[in-house]
Amino acid sequence: MEMDPFSAGFTDEKLILPMFYIIDCLKEEIGNSMFPIQVDCDYKVEQQNHEIYKTSYSILRENPLKRGEKLSNIVMYSETEKDKTEKEHWIYAYDVENDISFKLLDDVDIRFSNRQLLTFKGMFVDSHYLTNSNFYLGKLRGHVDFLGFPTMDYLSLNREEIRRNKKSDTITVVYNDVKDIMQYKILNFLHSKVDVQLTPGQACFYSLFLPLLDKFKENKNGLLSLAEKKLYPLITREQNIFKTVNGEWNEETENLGESFKRILSGNIFYIYTSHRTWASNTEKPSIELIDKLYESMEHNSSEKTDYVYMQDTLSYWICLNDIKVLQITSEGKEGDEEKLLKCVFNRDAKGLPKLDLNSKQNLLKDSLLQSRILGIACTDYPHLALDKEQKLDTLYYIHRYANSQFEVGNNTFALTVSPFSKEDIEWMKKGKVSFDEFWAQIQKREDFKKLVDYVCEHKLDCESTKDDVIEDYKNWIQEAIKLNNEMHEKKNR
């Protein structure tokens with residue numbers, strides 16, 4: 001905090017001396033983790049009220065900035081011309097409603113030692129809950145400072161993290177702020193009549209955030225057309241892909257701008273995923289394997305060009321939660337199973353994937369291993385699909401997820417709950433089971449009735465009935481028992 005005792009606004013020494021004493025005390029105590037200090041001060045100079053920011057260590061006060069445009073509750077800032085650097089490109093903004101300051105790096109090619117810093121009135125707190133909550137928040141690099149949230153309500157007793165019951169609130173606020181900030185920056189560039197220079201790293205960053213915008217949903221074709229003209233040509237990054245032309249597969253490199261253009265336009269594409277990894281990346285499959293998985297799928301025409309992307313590479317650039325899987329095929333091996341997923345980018349679609357025989361059997365096998373396991377919903381049991389947009393708090397008590405290799409994006413698939421209790425699993429582990437006998441007893445049980453009611457209350461398909469749900473569970477149970485009996489027969493040979 002900087003004040004001039006000789007300025008026109010400080011002529012009364014009786015007011016000046018106590019203020020400087022307060023400043024000296026604050027200088028010694030600011031940073032004390034036990035008793036965080038927030039400073040509020042307004043002073044009058046030439047009949048105008050000037051607000052001193054609520055903290056002397058705000059991000060915005062660490063840099064010589066000039067005020068820019070105000071967007072609803074966000075005020076944009078920028079560096080002065082003399083303070084701009086060619087190496088770093090920062091976005092500065094301030095949420096005036098919630099008192100949150102942002103300093104965000106908008107260039108993916110620039111290294112930043114700390115991926116994202118989060119401070120609460122200047123004190124460092126854990127930021128992982130924020131970055132892990134959302135694809136776009138996870139891509140931010142820079143510094144976010146919560147200045148306005150009440151300390152007692154939001155900060156934990158150890159002063160190291162946000163309280164659990166307040167994390168969701170802060171995530172929502174930051175997410176909405178980031179969406180407004182990025183919408184302003186991206187649209188400002190795309191609609192600018194002046195030649196605005198972006199680095200290749202900035203072009204990648206803006207392309208990555210493009211689908212986040214509300215305007216993208218309202219005018220997708222228009223924004224994609226502008227991006228193809230002004231944004232994608234600036235990108236120089238490339239990624240390895242598999243490409244087929246008239247049935248012949250080749251491994252190639254593709255400019256990331258072309259990948260954005262193809263996927264965001266709504267074209268069909270494919271994702272290869274596997275648990276086999278090397279140095280934290282999925283091992284590259286052979287062309288023979290790609291061809292084998294591809295040929296086992298349904299295709300509209302053989303005379304066309306298709307593209308296969310590696311999941312771990314693609315997931316850095318595209319929010320996979322907005323990708324809908326149409327079909328899944330697998331190699332049929334247990335353990336480190338390799339899969340090919342037929343996909344389309346459609347953030348509003350609620351379709352279910354069609355599973356090949358191997359994938360479906362793995363789903364059934366998983367349901368025989370543990371009770372009430374969560375798996376992906378599919379076209380085989382469409383009425384059991386749970387809508388992830390609803391509050392599924394009850395499922396949090398299960399914590400048993402099957403087929404994690406399907407989980408392309410956290411919200412890519414609808415969930416389904418297996419019908420078997422712990423006692424059912426133990427019964428089937430002992431040997432072969434009669435379906436008629438099993439079905440006769442389970443449909444009378446209270447736990448099964450509650451499960452059916454839960455699915456009916458949270459179902460994805462609004463038109464499905466309670467009888468539809470029961471019929472799908474009956475089919476699941478019948479097929480799982482058949483598989484269970486076959487495995488016991490094979491074991492006893």
# chains A, B, ... in the order shown; residues from 1 in each chain; ligands from 1
$ residues_around --residues "Lys139 of chain A" --least-positions-apart "6" --cutoff "12 Å" --atoms "only C-alpha atoms" --output "PDB file with N, CA and C atoms, in the first residue's frame"
ATOM      1  N   LEU A 104      -3.474 -15.109 -15.662  1.00  0.00           N
ATOM      2  CA  LEU A 104      -3.462 -16.375 -16.379  1.00  0.00           C
ATOM      3  C   LEU A 104      -2.526 -16.310 -17.584  1.00  0.00           C
ATOM      4  N   LEU A 105      -1.731 -17.341 -17.737  1.00  0.00           N
ATOM      5  CA  LEU A 105      -0.818 -17.455 -18.877  1.00  0.00           C
ATOM      6  C   LEU A 105      -1.582 -18.046 -20.053  1.00  0.00           C
ATOM      7  N   ASP A 106      -1.562 -17.375 -21.191  1.00  0.00           N
ATOM      8  CA  ASP A 106      -2.379 -17.832 -22.319  1.00  0.00           C
ATOM      9  C   ASP A 106      -1.534 -18.376 -23.476  1.00  0.00           C
ATOM     10  N   ASP A 107      -0.395 -18.954 -23.147  1.00  0.00           N
ATOM     11  CA  ASP A 107       0.490 -19.507 -24.177  1.00  0.00           C
ATOM     12  C   ASP A 107       0.979 -20.879 -23.713  1.00  0.00           C
ATOM     13  N   VAL A 108       0.599 -21.936 -24.438  1.00  0.00           N
ATOM     14  CA  VAL A 108       0.943 -23.297 -24.005  1.00  0.00           C
ATOM     15  C   VAL A 108       2.416 -23.621 -24.209  1.00  0.00           C
ATOM     16  N   ARG A 115       2.076 -24.827 -11.979  1.00  0.00           N
ATOM     17  CA  ARG A 115       0.981 -24.936 -12.946  1.00  0.00           C
ATOM     18  C   ARG A 115      -0.146 -23.962 -12.613  1.00  0.00           C
ATOM     19  N   GLN A 116      -0.598 -23.979 -11.377  1.00  0.00           N
ATOM     20  CA  GLN A 116      -1.594 -22.995 -10.969  1.00  0.00           C
ATOM     21  C   GLN A 116      -1.467 -22.722  -9.489  1.00  0.00           C
ATOM     22  N   HIS A 128      -5.468 -28.156  -5.930  1.00  0.00           N
ATOM     23  CA  HIS A 128      -5.758 -29.367  -6.693  1.00  0.00           C
ATOM     24  C   HIS A 128      -7.259 -29.595  -6.880  1.00  0.00           C
ATOM     25  N   LEU A 130      -9.454 -27.512  -7.389  1.00  0.00           N
ATOM     26  CA  LEU A 130      -9.919 -26.617  -8.441  1.00  0.00           C
ATOM     27  C   LEU A 130      -9.511 -27.142  -9.816  1.00  0.00           C
ATOM     28  N   THR A 131      -8.250 -27.493  -9.961  1.00  0.00           N
ATOM     29  CA  THR A 131      -7.741 -27.937 -11.256  1.00  0.00           C
ATOM     30  C   THR A 131      -8.260 -29.317 -11.632  1.00  0.00           C
ATOM     31  N   ASN A 132      -8.581 -30.150 -10.631  1.00  0.00           N
ATOM     32  CA  ASN A 132      -9.069 -31.497 -10.921  1.00  0.00           C
ATOM     33  C   ASN A 132     -10.575 -31.543 -11.171  1.00  0.00           C
ATOM     34  N   SER A 133     -11.253 -30.442 -10.951  1.00  0.00           N
ATOM     35  CA  SER A 133     -12.715 -30.444 -11.013  1.00  0.00           C
ATOM     36  C   SER A 133     -13.250 -30.324 -12.424  1.00  0.00           C
ATOM     37  N   TYR A 175     -15.118 -21.070 -12.502  1.00  0.00           N
ATOM     38  CA  TYR A 175     -15.444 -21.599 -13.833  1.00  0.00           C
ATOM     39  C   TYR A 175     -16.208 -20.560 -14.658  1.00  0.00           C
ATOM     40  N   VAL A 178     -13.811 -17.705 -15.609  1.00  0.00           N
ATOM     41  CA  VAL A 178     -12.880 -18.108 -16.674  1.00  0.00           C
ATOM     42  C   VAL A 178     -13.611 -18.154 -18.013  1.00  0.00           C
ATOM     43  N   CYS A 204      -2.953 -22.161 -29.904  1.00  0.00           N
ATOM     44  CA  CYS A 204      -3.330 -23.455 -29.326  1.00  0.00           C
ATOM     45  C   CYS A 204      -4.219 -23.264 -28.107  1.00  0.00           C
ATOM     46  N   PHE A 205      -3.841 -22.309 -27.255  1.00  0.00           N
ATOM     47  CA  PHE A 205      -4.575 -22.062 -26.023  1.00  0.00           C
ATOM     48  C   PHE A 205      -5.998 -21.591 -26.318  1.00  0.00           C
ATOM     49  N   TYR A 206      -6.144 -20.656 -27.246  1.00  0.00           N
ATOM     50  CA  TYR A 206      -7.464 -20.143 -27.590  1.00  0.00           C
ATOM     51  C   TYR A 206      -8.311 -21.229 -28.254  1.00  0.00           C
ATOM     52  N   LEU A 208      -8.097 -24.417 -27.712  1.00  0.00           N
ATOM     53  CA  LEU A 208      -8.449 -25.357 -26.651  1.00  0.00           C
ATOM     54  C   LEU A 208      -9.685 -24.895 -25.889  1.00  0.00           C
ATOM     55  N   PHE A 209      -9.794 -23.571 -25.681  1.00  0.00           N
ATOM     56  CA  PHE A 209     -10.908 -23.023 -24.894  1.00  0.00           C
ATOM     57  C   PHE A 209     -12.126 -22.660 -25.738  1.00  0.00           C
ATOM     58  N   SER A 315      -6.669 -36.062 -25.395  1.00  0.00           N
ATOM     59  CA  SER A 315      -7.309 -35.585 -24.168  1.00  0.00           C
ATOM     60  C   SER A 315      -6.672 -34.317 -23.627  1.00  0.00           C
ATOM     61  N   TYR A 316      -5.471 -33.969 -24.091  1.00  0.00           N
ATOM     62  CA  TYR A 316      -4.863 -32.714 -23.648  1.00  0.00           C
ATOM     63  C   TYR A 316      -5.529 -31.525 -24.345  1.00  0.00           C
ATOM     64  N   TRP A 317      -6.018 -31.755 -25.573  1.00  0.00           N
ATOM     65  CA  TRP A 317      -6.490 -30.636 -26.381  1.00  0.00           C
ATOM     66  C   TRP A 317      -8.003 -30.535 -26.494  1.00  0.00           C
ATOM     67  N   ILE A 318      -8.700 -31.619 -26.255  1.00  0.00           N
ATOM     68  CA  ILE A 318     -10.152 -31.625 -26.413  1.00  0.00           C
ATOM     69  C   ILE A 318     -10.790 -32.057 -25.097  1.00  0.00           C
ATOM     70  N   CYS A 319     -11.850 -31.347 -24.694  1.00  0.00           N
ATOM     71  CA  CYS A 319     -12.599 -31.759 -23.507  1.00  0.00           C
ATOM     72  C   CYS A 319     -13.381 -33.019 -23.854  1.00  0.00           C
TER      73      CYS A 319
END
$ residues_around --residues "Ile162 of chain A" --least-positions-apart "4" --cutoff "12 Å" --atoms "only C-alpha atoms" --output "count of residues only"
28
$ atom_distance --atom1 "atom CA of Gln183 of chain A" --atom2 "atom CA of Pro200 of chain A"
18.9 Å
$ closest_residue --among "A:Ser421, A:Gln311, A:Ser464, A:Ser296" --to "Ser371 of chain A" --atoms "only C-alpha atoms"
A:Ser421
$ select_by_dssp --residues "segment 205-263 of chain A" --states "helix (DSSP H, G or I)" --output "VMD selection string"
chain A and resid 205 to 212 214 to 218 220 to 234 256 to 263
$ write_last_selection --atoms "C-alpha atoms" --output "PDB file, in the first residue's frame"
ATOM      1  CA  PHE A 205      -4.575 -22.062 -26.023  1.00  0.00           C
ATOM      2  CA  TYR A 206      -7.464 -20.143 -27.590  1.00  0.00           C
ATOM      3  CA  SER A 207      -8.431 -23.162 -29.744  1.00  0.00           C
ATOM      4  CA  LEU A 208      -8.449 -25.357 -26.651  1.00  0.00           C
ATOM      5  CA  PHE A 209     -10.908 -23.023 -24.894  1.00  0.00           C
ATOM      6  CA  LEU A 210     -13.133 -22.309 -27.911  1.00  0.00           C
ATOM      7  CA  PRO A 211     -15.778 -25.016 -27.129  1.00  0.00           C
ATOM      8  CA  LEU A 212     -16.171 -23.602 -23.597  1.00  0.00           C
ATOM      9  CA  ASP A 214     -21.559 -19.874 -24.671  1.00  0.00           C
ATOM     10  CA  LYS A 215     -21.261 -18.240 -28.085  1.00  0.00           C
ATOM     11  CA  PHE A 216     -19.787 -21.465 -29.488  1.00  0.00           C
ATOM     12  CA  LYS A 217     -22.971 -23.309 -28.578  1.00  0.00           C
ATOM     13  CA  GLU A 218     -25.144 -20.529 -30.013  1.00  0.00           C
ATOM     14  CA  LYS A 220     -20.898 -23.024 -33.669  1.00  0.00           C
ATOM     15  CA  ASN A 221     -20.611 -22.869 -37.468  1.00  0.00           C
ATOM     16  CA  GLY A 222     -19.928 -19.143 -37.486  1.00  0.00           C
ATOM     17  CA  LEU A 223     -17.170 -19.322 -34.871  1.00  0.00           C
ATOM     18  CA  LEU A 224     -15.586 -22.378 -36.493  1.00  0.00           C
ATOM     19  CA  SER A 225     -15.525 -20.536 -39.815  1.00  0.00           C
ATOM     20  CA  LEU A 226     -13.708 -17.601 -38.185  1.00  0.00           C
ATOM     21  CA  ALA A 227     -11.337 -19.966 -36.363  1.00  0.00           C
ATOM     22  CA  GLU A 228     -10.467 -21.713 -39.641  1.00  0.00           C
ATOM     23  CA  LYS A 229      -9.572 -18.369 -41.193  1.00  0.00           C
ATOM     24  CA  LYS A 230      -7.780 -16.628 -38.335  1.00  0.00           C
ATOM     25  CA  LEU A 231      -6.889 -19.052 -35.530  1.00  0.00           C
ATOM     26  CA  TYR A 232      -6.065 -22.549 -36.790  1.00  0.00           C
ATOM     27  CA  PRO A 233      -3.552 -21.399 -39.470  1.00  0.00           C
ATOM     28  CA  LEU A 234      -1.351 -20.001 -36.661  1.00  0.00           C
ATOM     29  CA  LEU A 256      -3.347 -29.709 -34.461  1.00  0.00           C
ATOM     30  CA  GLY A 257      -5.395 -27.008 -36.197  1.00  0.00           C
ATOM     31  CA  GLU A 258      -6.708 -29.616 -38.648  1.00  0.00           C
ATOM     32  CA  SER A 259      -7.605 -31.894 -35.720  1.00  0.00           C
ATOM     33  CA  PHE A 260      -9.568 -29.088 -34.033  1.00  0.00           C
ATOM     34  CA  LYS A 261     -11.357 -28.308 -37.292  1.00  0.00           C
ATOM     35  CA  ARG A 262     -12.340 -31.925 -37.981  1.00  0.00           C
ATOM     36  CA  ILE A 263     -13.449 -32.893 -34.475  1.00  0.00           C
TER      37      ILE A 263
END
$ closest_atom_pairs --of "segment 403-456 of chain A" --to "segment 385-389 of chain A" --cutoff "9 Å" --atoms "only C-alpha atoms" --output "CSV"
residue,atom,partner,partner_atom,distance
A:Asn411,CA,A:Lys388,CA,7.1
A:Phe413,CA,A:Lys388,CA,8.5
A:Ala414,CA,A:Leu386,CA,5.8
A:Leu415,CA,A:Leu386,CA,5.3
A:Thr416,CA,A:Ala385,CA,5.2
A:Val417,CA,A:Ala385,CA,8.5
A:Val455,CA,A:Leu386,CA,6.6
A:Cys456,CA,A:Leu386,CA,8.7
$ atom_distance --atom1 "atom CA of Glu283 of chain A" --atom2 "atom CA of Gln202 of chain A"
29.1 Å
$ atom_distance --atom1 "atom CA of Leu326 of chain A" --atom2 "atom CA of Met297 of chain A"
10.4 Å
$ residues_around --residues "Asn484 of chain A" --least-positions-apart "3" --cutoff "9 Å" --atoms "only C-alpha atoms" --output "list in words"
Lys365, Leu368, Met428, Lys429, Gly431, Lys432, Val433, Glu479, Ala480, Ile481, Met487, His488 and Glu489 of chain A
$ residues_around --residues "Gly247 of chain A" --least-positions-apart "3" --cutoff "12 Å" --atoms "only C-alpha atoms" --output "PyMOL selection string"
chain A and resi 242-244+250+287-288+290-292+294-295+299+301-307
$ closest_residue --among "A:Asp356, A:Ile241, A:Asp322, A:Ile470" --to "Lys450 of chain A" --atoms "only C-alpha atoms"
A:Ile470
